[in-house]
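Undergrad: My structure file query15.csv, CSV, C-alpha atoms, is below:
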```csv
chain,number,residue,atom,x,y,z
A,769,MET,CA,-21.7,2.2,-5.1
A,770,SER,CA,-21.5,2.1,-1.3
A,771,PRO,CA,-22.3,-1.2,0.5
A,772,ASP,CA,-25.6,-1.9,2.2
A,773,PHE,CA,-25.2,-0.9,5.8
A,774,ASP,CA,-28.2,-2.9,6.9
A,775,GLU,CA,-26.8,-6.0,5.3
A,776,ILE,CA,-23.5,-5.5,7.2
A,777,VAL,CA,-24.7,-4.5,10.6
A,778,GLY,CA,-28.3,-5.7,10.8
A,779,THR,CA,-31.2,-3.7,12.1
A,780,ASP,CA,-31.2,-4.4,15.8
A,781,ASP,CA,-27.5,-3.8,16.7
A,782,GLY,CA,-27.1,-1.7,19.8
A,783,GLU,CA,-24.2,0.1,18.3
A,784,ARG,CA,-26.0,0.8,15.1
A,785,GLU,CA,-25.6,4.6,15.0
A,786,ARG,CA,-22.0,4.5,16.0
A,787,LEU,CA,-21.2,2.0,13.3
A,788,ARG,CA,-23.2,3.9,10.8
A,789,ARG,CA,-20.9,6.9,11.3
A,790,VAL,CA,-17.9,4.7,10.6
A,791,HIS,CA,-19.7,3.3,7.6
A,792,GLU,CA,-20.2,6.9,6.3
A,793,LEU,CA,-16.7,7.8,7.0
A,794,LEU,CA,-15.4,4.8,5.0
A,795,VAL,CA,-17.6,5.8,2.1
A,796,THR,CA,-16.4,9.4,2.2
A,797,ALA,CA,-12.7,8.6,2.6
A,798,GLY,CA,-12.5,6.2,-0.3
A,799,PRO,CA,-9.7,3.6,-0.6
A,800,PRO,CA,-6.2,4.3,0.5
A,801,PRO,CA,-3.9,4.6,-2.5
A,802,GLU,CA,-1.9,1.7,-3.7
A,803,LEU,CA,1.7,2.3,-2.9
A,804,THR,CA,4.3,2.7,-5.6
A,805,PRO,CA,7.2,0.1,-5.6
A,806,ARG,CA,9.5,2.8,-4.2
A,807,LEU,CA,7.2,3.6,-1.3
A,808,GLU,CA,6.8,-0.1,-0.5
A,809,ARG,CA,10.4,0.1,0.8
A,810,THR,CA,11.1,1.7,4.1
A,811,PRO,CA,13.5,4.6,3.4
A,812,SER,CA,17.1,4.4,4.5
A,813,THR,CA,18.1,6.5,7.4
A,814,GLN,CA,21.8,6.1,7.0
A,815,GLY,CA,23.7,9.3,7.2
A,816,SER,CA,22.0,12.5,6.1
A,817,VAL,CA,20.9,11.1,2.7
A,818,PHE,CA,17.4,9.8,2.7
A,819,TRP,CA,15.9,7.1,0.6
A,820,LEU,CA,17.3,6.4,-2.9
A,821,PRO,CA,18.8,9.3,-4.7
A,822,ARG,CA,16.2,11.1,-6.6
A,823,VAL,CA,15.9,10.1,-10.2
A,824,PRO,CA,14.4,12.1,-13.0
A,825,ALA,CA,11.0,10.6,-13.8
A,826,LYS,CA,12.0,9.6,-17.3
A,827,HIS,CA,14.7,7.3,-16.0
A,828,ARG,CA,12.7,5.7,-13.2
A,829,THR,CA,11.2,2.9,-15.2
A,830,THR,CA,14.6,2.0,-16.6
A,831,LEU,CA,16.0,1.8,-13.1
A,832,LEU,CA,13.1,-0.2,-11.8
A,833,PHE,CA,13.5,-2.7,-14.5
A,834,ALA,CA,17.2,-2.9,-13.9
A,835,ALA,CA,16.6,-3.5,-10.2
A,836,ALA,CA,14.0,-6.1,-11.1
A,837,LEU,CA,16.6,-7.8,-13.3
A,838,VAL,CA,18.9,-8.2,-10.4
A,839,VAL,CA,16.2,-9.7,-8.2
A,840,LEU,CA,15.1,-12.0,-10.9
A,841,ALA,CA,18.5,-13.3,-11.7
A,842,ALA,CA,18.4,-14.7,-8.1
A,843,PHE,CA,14.8,-15.9,-8.6
A,844,PHE,CA,15.5,-17.8,-11.8
A,845,GLY,CA,18.6,-19.2,-10.3
A,846,GLY,CA,16.4,-21.0,-7.8
A,847,TYR,CA,12.8,-21.3,-8.8
A,848,GLY,CA,12.9,-21.0,-12.5
A,849,ALA,CA,16.0,-22.6,-13.7
A,850,GLY,CA,15.3,-24.4,-16.9
A,851,LYS,CA,11.7,-23.5,-17.0
A,852,ILE,CA,11.8,-20.8,-19.6
A,853,HIS,CA,10.2,-22.2,-22.7
A,854,ARG,CA,10.9,-19.4,-25.2
A,855,SER,CA,14.1,-19.6,-27.2
A,856,THR,CA,14.6,-15.8,-27.2
A,857,SER,CA,15.7,-13.7,-24.3
A,858,PRO,CA,13.1,-11.5,-22.7
A,859,GLU,CA,13.2,-7.8,-23.3
A,860,SER,CA,12.3,-7.0,-19.7
A,861,LEU,CA,11.9,-8.9,-16.5
A,862,LEU,CA,9.6,-7.9,-13.6
A,863,SER,CA,9.5,-9.5,-10.2
A,864,LEU,CA,6.3,-9.6,-8.2
A,865,ARG,CA,5.6,-10.5,-4.6
A,866,GLY,CA,2.4,-11.4,-2.8
A,867,THR,CA,0.3,-8.8,-1.0
A,868,ALA,CA,-1.4,-9.5,2.4
A,869,THR,CA,-4.0,-11.5,0.5
A,870,ALA,CA,-1.3,-14.0,-0.7
A,871,PRO,CA,1.7,-13.2,1.4
A,872,HIS,CA,3.9,-16.2,0.4
A,873,ALA,CA,3.4,-15.9,-3.4
A,874,VAL,CA,6.2,-14.8,-5.7
A,875,ALA,CA,6.2,-14.4,-9.5
A,876,SER,CA,8.2,-13.2,-12.4
A,877,LEU,CA,7.0,-11.7,-15.6
A,878,GLN,CA,9.1,-11.9,-18.7
A,879,ILE,CA,8.2,-9.6,-21.5
A,880,PHE,CA,9.5,-10.6,-24.9
A,881,ALA,CA,10.1,-8.7,-28.1
A,882,LYS,CA,7.1,-7.1,-29.8
A,883,GLN,CA,5.6,-9.1,-32.6
A,884,ALA,CA,3.1,-7.3,-34.8
A,885,GLY,CA,1.9,-5.1,-32.0
A,886,ASN,CA,1.9,-7.9,-29.4
A,887,TRP,CA,4.2,-8.2,-26.4
A,888,PRO,CA,4.3,-11.9,-25.6
A,889,MET,CA,4.8,-12.5,-21.9
A,890,THR,CA,5.5,-15.5,-19.6
A,891,LEU,CA,4.4,-15.4,-16.0
A,892,THR,CA,6.1,-17.9,-13.6
A,893,VAL,CA,4.3,-18.0,-10.3
A,894,ALA,CA,4.6,-20.0,-7.1
A,895,ASP,CA,2.7,-20.3,-3.9
A,896,LEU,CA,-0.5,-18.6,-5.0
A,897,PRO,CA,-3.4,-20.2,-3.1
A,898,LYS,CA,-6.0,-22.2,-4.9
A,899,LEU,CA,-9.2,-20.2,-5.5
A,900,PRO,CA,-12.8,-21.2,-4.9
A,901,SER,CA,-14.6,-22.8,-7.9
A,902,HIS,CA,-15.0,-20.4,-10.9
A,903,ALA,CA,-12.8,-17.7,-9.4
A,904,TYR,CA,-9.5,-17.0,-11.3
A,905,TYR,CA,-6.4,-14.9,-11.3
A,906,GLU,CA,-6.0,-12.1,-13.9
A,907,VAL,CA,-2.9,-10.2,-15.0
A,908,PHE,CA,-3.4,-6.5,-15.4
A,909,LEU,CA,-1.4,-3.9,-17.1
A,910,VAL,CA,-1.3,-1.0,-14.5
A,911,ARG,CA,-1.4,2.5,-15.8
A,912,ASN,CA,-1.4,5.6,-13.6
A,913,GLY,CA,-1.4,3.4,-10.5
A,914,LYS,CA,-4.5,1.4,-11.4
A,915,PRO,CA,-5.2,-1.9,-13.1
A,916,TYR,CA,-6.1,-0.8,-16.6
A,917,LEU,CA,-6.0,-3.5,-19.3
A,918,SER,CA,-6.1,-7.3,-19.0
A,919,CYS,CA,-3.2,-9.4,-20.3
A,920,GLY,CA,-4.7,-12.8,-19.5
A,921,GLU,CA,-6.2,-15.1,-16.9
A,922,PHE,CA,-5.1,-18.3,-15.1
A,923,THR,CA,-5.9,-20.6,-12.2
A,924,VAL,CA,-3.7,-22.6,-9.9
A,925,ASP,CA,-4.1,-26.0,-8.4
A,926,GLY,CA,-2.5,-25.1,-5.0
A,927,GLY,CA,0.5,-27.3,-5.7
A,928,SER,CA,4.0,-26.3,-4.6
A,929,ALA,CA,5.6,-26.4,-8.1
A,930,PRO,CA,6.0,-23.1,-9.9
A,931,LEU,CA,3.4,-22.6,-12.7
A,932,THR,CA,4.3,-21.0,-16.0
A,933,VAL,CA,1.6,-19.4,-18.2
A,934,GLN,CA,1.8,-17.6,-21.5
A,935,LEU,CA,0.2,-14.2,-21.8
A,936,ASN,CA,0.0,-11.3,-24.2
A,937,ALA,CA,-0.2,-7.5,-24.1
A,938,PRO,CA,-1.4,-6.2,-27.4
A,939,TYR,CA,-1.0,-2.6,-26.3
A,940,VAL,CA,1.2,0.4,-26.7
A,941,PHE,CA,3.1,0.8,-23.5
A,942,GLN,CA,3.5,4.1,-21.8
A,943,HIS,CA,6.1,5.4,-19.4
A,944,GLY,CA,5.4,4.1,-15.9
A,945,ASP,CA,3.3,1.0,-17.0
A,946,THR,CA,3.7,-2.0,-14.8
A,947,TRP,CA,1.7,-5.2,-13.9
A,948,VAL,CA,-0.2,-6.7,-11.1
A,949,VAL,CA,-2.1,-10.0,-10.6
A,950,THR,CA,-5.6,-9.8,-9.1
A,951,LYS,CA,-8.2,-12.3,-7.9
A,952,GLN,CA,-11.4,-12.3,-9.9
A,953,LEU,CA,-14.9,-13.4,-9.3
A,954,PRO,CA,-16.7,-14.9,-12.3
A,955,GLY,CA,-19.0,-12.3,-13.9
A,956,THR,CA,-17.1,-9.3,-12.5
A,957,GLU,CA,-15.2,-7.2,-15.0
A,958,LYS,CA,-13.7,-4.8,-12.5
A,959,PRO,CA,-10.3,-5.7,-11.2
A,960,GLY,CA,-10.5,-7.6,-7.9
A,961,PRO,CA,-8.0,-7.4,-5.0
A,962,THR,CA,-4.3,-7.3,-5.9
A,963,VAL,CA,-2.5,-10.5,-4.9
A,964,LEU,CA,0.8,-9.9,-6.6
A,965,LYS,CA,2.5,-6.6,-7.2
A,966,PRO,CA,5.9,-5.4,-8.3
A,967,VAL,CA,8.8,-5.7,-5.9
B,263,MET,CA,40.2,-1.8,17.1
B,264,GLU,CA,39.3,0.2,20.2
B,265,LEU,CA,36.2,2.4,20.1
B,266,ALA,CA,36.1,5.8,21.8
B,267,LEU,CA,32.9,5.9,23.8
B,268,ASP,CA,31.6,9.0,25.4
B,269,VAL,CA,30.4,7.4,28.7
B,270,PRO,CA,30.1,9.2,32.0
B,271,ARG,CA,32.8,7.9,34.3
B,272,LEU,CA,31.7,9.2,37.7
B,273,ARG,CA,28.1,8.3,37.8
B,274,ALA,CA,26.8,4.8,38.5
B,275,VAL,CA,24.5,3.8,35.7
B,276,PRO,CA,22.2,0.9,36.5
B,277,THR,CA,22.6,-2.0,34.0
B,278,ARG,CA,19.8,-1.9,31.6
B,279,ALA,CA,18.7,-4.4,29.0
B,280,ALA,CA,18.7,-3.2,25.4
B,281,THR,CA,15.5,-1.4,24.4
B,282,PRO,CA,13.1,-4.0,23.2
B,283,ALA,CA,12.0,-3.9,19.6
B,284,PRO,CA,8.8,-2.0,19.0
B,285,THR,CA,5.7,-4.1,18.3
B,286,GLY,CA,2.2,-3.6,16.9
B,287,GLU,CA,1.2,-2.7,20.5
B,288,THR,CA,3.7,0.2,20.7
B,289,SER,CA,1.8,3.5,20.6
B,290,ASP,CA,2.5,6.1,17.9
B,291,ALA,CA,3.7,8.5,20.5
B,292,GLU,CA,6.3,6.0,21.9
B,293,LEU,CA,7.4,5.3,18.3
B,294,LEU,CA,7.9,8.9,17.6
B,295,VAL,CA,9.9,9.5,20.8
B,296,ARG,CA,12.1,6.5,19.9
B,297,VAL,CA,12.5,7.8,16.3
B,298,GLY,CA,13.7,11.0,18.0
B,299,LYS,CA,16.4,8.9,19.6
B,300,ARG,CA,17.4,7.5,16.2
B,301,ASP,CA,15.6,4.1,16.6
B,302,ARG,CA,15.6,2.6,13.2
B,303,ALA,CA,13.1,-0.2,14.0
B,304,ALA,CA,10.6,2.4,15.4
B,305,PHE,CA,11.0,4.5,12.3
B,306,GLU,CA,10.2,1.5,10.1
B,307,LEU,CA,7.1,0.7,12.1
B,308,LEU,CA,5.9,4.3,12.0
B,309,TYR,CA,6.5,4.4,8.3
B,310,ARG,CA,4.4,1.3,7.7
B,311,ARG,CA,1.6,2.8,9.9
B,312,TYR,CA,1.5,6.1,8.1
B,313,VAL,CA,2.8,5.7,4.6
B,314,HIS,CA,-0.7,5.1,3.1
B,315,SER,CA,-2.2,8.1,4.9
B,316,VAL,CA,0.7,10.4,3.9
B,317,PHE,CA,0.6,9.2,0.3
B,318,GLY,CA,-3.2,9.6,0.2
B,319,LEU,CA,-2.9,13.1,1.6
B,320,ALA,CA,-0.2,14.0,-0.9
B,321,LEU,CA,-2.2,12.6,-3.8
B,322,ARG,CA,-5.2,14.6,-2.9
B,323,ARG,CA,-3.3,17.9,-2.7
B,324,LEU,CA,-0.7,17.4,-5.5
B,325,ARG,CA,-2.8,15.3,-7.9
B,326,ASP,CA,0.2,13.7,-9.4
B,327,ARG,CA,1.7,10.3,-8.3
B,328,GLY,CA,5.3,11.3,-9.0
B,329,HIS,CA,5.0,14.6,-7.0
B,330,ALA,CA,3.1,12.7,-4.3
B,331,GLU,CA,5.8,10.0,-4.1
B,332,ASP,CA,8.5,12.7,-3.7
B,333,ALA,CA,6.4,14.5,-1.1
B,334,VAL,CA,6.2,11.2,0.9
B,335,GLN,CA,10.0,11.1,0.9
B,336,GLU,CA,10.2,14.6,2.2
B,337,VAL,CA,7.6,14.0,4.9
B,338,PHE,CA,9.4,11.1,6.3
B,339,ALA,CA,12.8,12.8,6.0
B,340,ALA,CA,11.3,15.6,8.0
B,341,VAL,CA,9.9,13.1,10.6
B,342,TRP,CA,13.4,11.5,10.9
B,343,ARG,CA,15.0,15.0,11.3
B,344,SER,CA,12.6,16.5,13.7
B,345,ALA,CA,11.0,13.7,15.7
B,346,GLY,CA,13.3,14.8,18.6
B,347,SER,CA,11.1,17.9,19.0
B,348,TYR,CA,7.9,15.9,19.6
B,349,ARG,CA,6.6,16.1,23.1
B,350,PRO,CA,3.8,13.6,23.9
B,351,GLU,CA,2.4,15.9,26.6
B,352,ARG,CA,1.6,18.5,24.0
B,353,GLY,CA,-0.7,16.3,21.9
B,354,PRO,CA,-1.1,13.0,20.1
B,355,ALA,CA,1.5,11.8,17.7
B,356,GLY,CA,-1.0,11.5,14.8
B,357,GLY,CA,-1.7,15.3,15.0
B,358,TRP,CA,2.0,16.0,15.0
B,359,LEU,CA,2.6,13.8,12.0
B,360,TYR,CA,-0.3,15.3,10.1
B,361,THR,CA,1.1,18.8,10.7
B,362,VAL,CA,4.5,17.7,9.4
B,363,ALA,CA,3.0,16.0,6.4
B,364,ARG,CA,0.7,18.9,5.5
B,365,ASN,CA,3.5,21.4,5.8
B,366,ALA,CA,5.9,19.4,3.6
B,367,ILE,CA,3.1,18.8,1.0
B,368,VAL,CA,2.2,22.5,1.0
B,369,ASP,CA,5.9,23.4,0.5
B,370,ARG,CA,6.1,21.1,-2.4
B,371,LEU,CA,2.9,22.5,-3.9
B,372,ARG,CA,4.3,26.0,-3.7
B,373,ARG,CA,7.6,24.9,-5.3
B,374,SER,CA,5.9,23.0,-8.1
B,375,GLY,CA,4.0,26.1,-9.0
B,376,PRO,CA,0.7,26.6,-10.8
B,377,ALA,CA,1.7,24.3,-13.7
B,378,THR,CA,0.9,21.4,-11.5
B,379,GLU,CA,-2.7,22.4,-11.2
B,380,GLY,CA,-4.9,20.8,-13.8
B,381,GLU,CA,-2.3,18.5,-15.2
B,382,LEU,CA,-4.2,15.5,-14.1
B,383,PRO,CA,-7.9,14.6,-13.6
B,384,GLU,CA,-9.5,16.1,-10.5
B,385,LEU,CA,-9.6,14.0,-7.5
B,386,VAL,CA,-11.6,16.4,-5.4
B,387,SER,CA,-15.1,17.6,-6.0
B,388,PRO,CA,-15.0,20.9,-7.8
B,389,GLU,CA,-17.8,22.0,-5.4
B,390,SER,CA,-15.5,21.7,-2.4
B,391,GLY,CA,-13.9,24.8,-1.2
B,392,PRO,CA,-10.5,24.9,0.4
B,393,ASP,CA,-11.9,24.4,3.9
B,394,ARG,CA,-14.0,21.5,2.8
B,395,GLN,CA,-11.1,19.9,1.0
B,396,ALA,CA,-8.9,20.2,4.0
B,397,GLU,CA,-11.5,18.6,6.2
B,398,GLU,CA,-12.0,15.8,3.7
B,399,SER,CA,-8.3,15.3,3.5
B,400,HIS,CA,-8.0,15.1,7.2
B,401,THR,CA,-10.9,12.7,7.5
B,402,ALA,CA,-9.4,10.4,4.8
B,403,TRP,CA,-6.0,10.6,6.7
B,404,GLN,CA,-7.6,9.4,9.9
B,405,ILE,CA,-9.6,6.7,8.3
B,406,HIS,CA,-6.6,5.3,6.4
B,407,ARG,CA,-4.5,5.4,9.5
B,408,ALA,CA,-7.2,3.7,11.5
B,409,LEU,CA,-7.4,0.9,8.9
B,410,GLU,CA,-3.8,0.1,9.7
B,411,GLU,CA,-4.9,-0.9,13.2
B,412,LEU,CA,-7.2,-3.6,12.0
B,413,PRO,CA,-6.2,-7.3,11.9
B,414,PRO,CA,-5.6,-8.2,8.2
B,415,ARG,CA,-8.6,-10.5,8.0
B,416,GLU,CA,-10.9,-7.7,9.2
B,417,ARG,CA,-9.3,-5.2,6.9
B,418,GLU,CA,-9.6,-7.5,3.9
B,419,VAL,CA,-13.4,-7.9,4.2
B,420,ILE,CA,-13.9,-4.2,4.8
B,421,GLU,CA,-11.8,-3.3,1.7
B,422,LEU,CA,-13.7,-5.8,-0.4
B,423,ALA,CA,-17.1,-4.6,0.8
B,424,TYR,CA,-16.4,-0.8,0.6
B,425,TRP,CA,-14.0,-0.5,-2.2
B,426,GLY,CA,-14.3,-3.8,-4.1
B,427,GLU,CA,-18.0,-3.1,-4.6
B,428,MET,CA,-19.0,-6.6,-3.4
B,429,SER,CA,-22.0,-7.7,-1.4
B,430,GLN,CA,-21.4,-9.7,1.7
B,431,SER,CA,-22.3,-12.9,-0.2
B,432,GLU,CA,-19.9,-12.0,-3.0
B,433,VAL,CA,-17.1,-11.4,-0.4
B,434,ALA,CA,-17.9,-14.8,1.2
B,435,THR,CA,-17.8,-16.5,-2.2
B,436,PHE,CA,-14.6,-14.7,-3.1
B,437,LEU,CA,-12.7,-15.6,0.0
B,438,GLY,CA,-14.2,-19.1,0.3
B,439,LEU,CA,-15.6,-18.3,3.7
B,440,PRO,CA,-19.1,-18.8,5.3
B,441,LEU,CA,-21.3,-15.8,4.9
B,442,GLY,CA,-21.7,-15.6,8.7
B,443,THR,CA,-17.9,-15.4,9.1
B,444,VAL,CA,-17.7,-12.5,6.6
B,445,LYS,CA,-20.5,-10.6,8.4
B,446,THR,CA,-18.9,-11.2,11.8
B,447,ARG,CA,-15.5,-10.0,10.6
B,448,THR,CA,-17.0,-7.0,8.9
B,449,ARG,CA,-19.0,-5.9,11.9
B,450,SER,CA,-16.0,-6.5,14.2
B,451,GLY,CA,-13.8,-4.4,11.9
B,452,LEU,CA,-16.3,-1.6,11.9
B,453,ALA,CA,-16.5,-1.7,15.7
B,454,ARG,CA,-12.7,-1.7,16.0
B,455,LEU,CA,-12.5,1.3,13.7
B,456,ALA,CA,-15.1,3.1,15.8
B,457,ASP,CA,-12.9,2.4,18.9
B,458,VAL,CA,-9.8,3.7,17.1
B,459,LEU,CA,-11.7,6.8,15.9
B,460,GLU,CA,-13.4,7.5,19.2
B,461,GLY,CA,-12.7,11.1,20.2
B,462,GLU,CA,-11.4,12.0,16.8
B,463,LEU,CA,-14.2,11.6,14.3
B,464,LEU,CA,-17.0,10.0,16.4
```
So that I can check it, write out the structure of this file as structure tokens.

TA:
Amino acid sequence: MSPDFDEIVGTDDGERERLRRVHELLVTAGPPPELTPRLERTPSTQGSVFWLPRVPAKHRTTLLFAAALVVLAAFFGGYGAGKIHRSTSPESLLSLRGTATAPHAVASLQIFAKQAGNWPMTLTVADLPKLPSHAYYEVFLVRNGKPYLSCGEFTVDGGSAPLTVQLNAPYVFQHGDTWVVTKQLPGTEKPGPTVLKPV
Amino acid sequence: MELALDVPRLRAVPTRAATPAPTGETSDAELLVRVGKRDRAAFELLYRRYVHSVFGLALRRLRDRGHAEDAVQEVFAAVWRSAGSYRPERGPAGGWLYTVARNAIVDRLRRSGPATEGELPELVSPESGPDRQAEESHTAWQIHRALEELPPREREVIELAYWGEMSQSEVATFLGLPLGTVKTRTRSGLARLADVLEGELL
């Protein structure tokens, strides 16, 4: 569904035809792709070797989780010390950082051992802005680069203290799955803008 | 430790301050020239400006995120290697980058062979011929690049309106802004895009 051009520009704008052409180009082009975590980092230019060494696809997720583990060790050393409520250790840890929509936000997602087809998860998040009334945040499992399945919803009060929420992913994971947090309007089922994405 | 510097001894060289770091105002052409001189900061800025466009182009052609991700690496490696050959007087930097990107992606497409085709859902209309696809890819490249020129608050409302499938009222509610502010930002963003694209697509 393309947006209503008349609603955006009005009917008596002197630049109407010029803006209509831009409108049509935006509709034709579609959204730019969401970058993968690897592409979010500017490549290294040291020496003749570029970027990270190439890794076979089947090992990439493992390495990403390993990298996230290192980042999160630092994160939990500061923000989250003593705030993990589960007695067992997480199977995996994923760190997330704010997009342009919430540039100061940080979060970590702990994924615990599967129980009867459920993957319990704990999200610890800080510095997400408070949303307008009835809006909320939603955690999505991302598959093939797009938010795919919901793992839970939450709100924040805008306070400075980190917030911890319990979530669940009753799904069979696939290679390359990851998570993001989006902003949601009440009544809309489609994923809203991403506010937190993997580091 | 003493460093061995290769400095001309007989020519008086005027004292010059270190090259200032590139900013958002620095043109693509200037960035590319600086990359040719191994300016790391210029390369980072150029990467931020073009990575979405390059990744989008690669996805359209390769239809696979893993291959496209690798192609982006190859494109920027090629930019780093060959930026020294760029001459601003021969044409705009965007065109030069597009050519480098397209060539690297086509090379990867050839190497990956026919097995790549059809592995994933189609992203391009089956009615589109090769010429049409190329034109659409180039248009998307320019639009995505132009979006990088917008201030974040204008880009945000445009993204929500065009790709978030929200009305202006919904965008206003979503962002907690007055409707008039959303309309002003959206119109301003469209006008700024028109300015950026003037002479290219308009």

Undergrad: Quick one: residues within 12 Å of stretch 936-939 of chain A, only C-alpha atoms, excluding same-chain residues fewer than 4 positions away - as number ranges by chain?

TA: A: 877-891, 906-911, 916-921, 945-947

Undergrad: Identify all chain A residues at most 8 Å from chain B by counting all atoms listed in the file; ligands do not count. Present them as number ranges by chain.

TA: A: 769-772, 775-777, 786-787, 789-791, 793-804, 807, 810-811, 813, 818-819, 825, 868-869, 899-900, 903, 912-913, 952-953, 960-961

Undergrad: What's around A:Val874 at 6 Å? Count all atoms listed in the file, leave out sequence neighbours fewer than 5 positions away in its own chain, and write the answer as number ranges by chain.

TA: A: 864-866, 893-894

Undergrad: So what do you get for atom CA of B:Arg373 versus atom CA of B:Glu397, distance-wise?

TA: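 Result for atom CA of B:Arg373 versus atom CA of B:Glu397: 23.2 Å, one decimal.
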
Undergrad: For atom CA of B:Ala363 and atom CA of A:Thr962, quote the distance in Å rounded to one decimal.

TA: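 Taking atom CA of B:Ala363 as the start and atom CA of A:Thr962 as the end point, the length is 27.3 Å.
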
Undergrad: To one decimal place in Å, what is the distance between atom CA of B:Ser344 and atom CA of B:Glu411?

TA: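 A separation of 24.7 Å between them.
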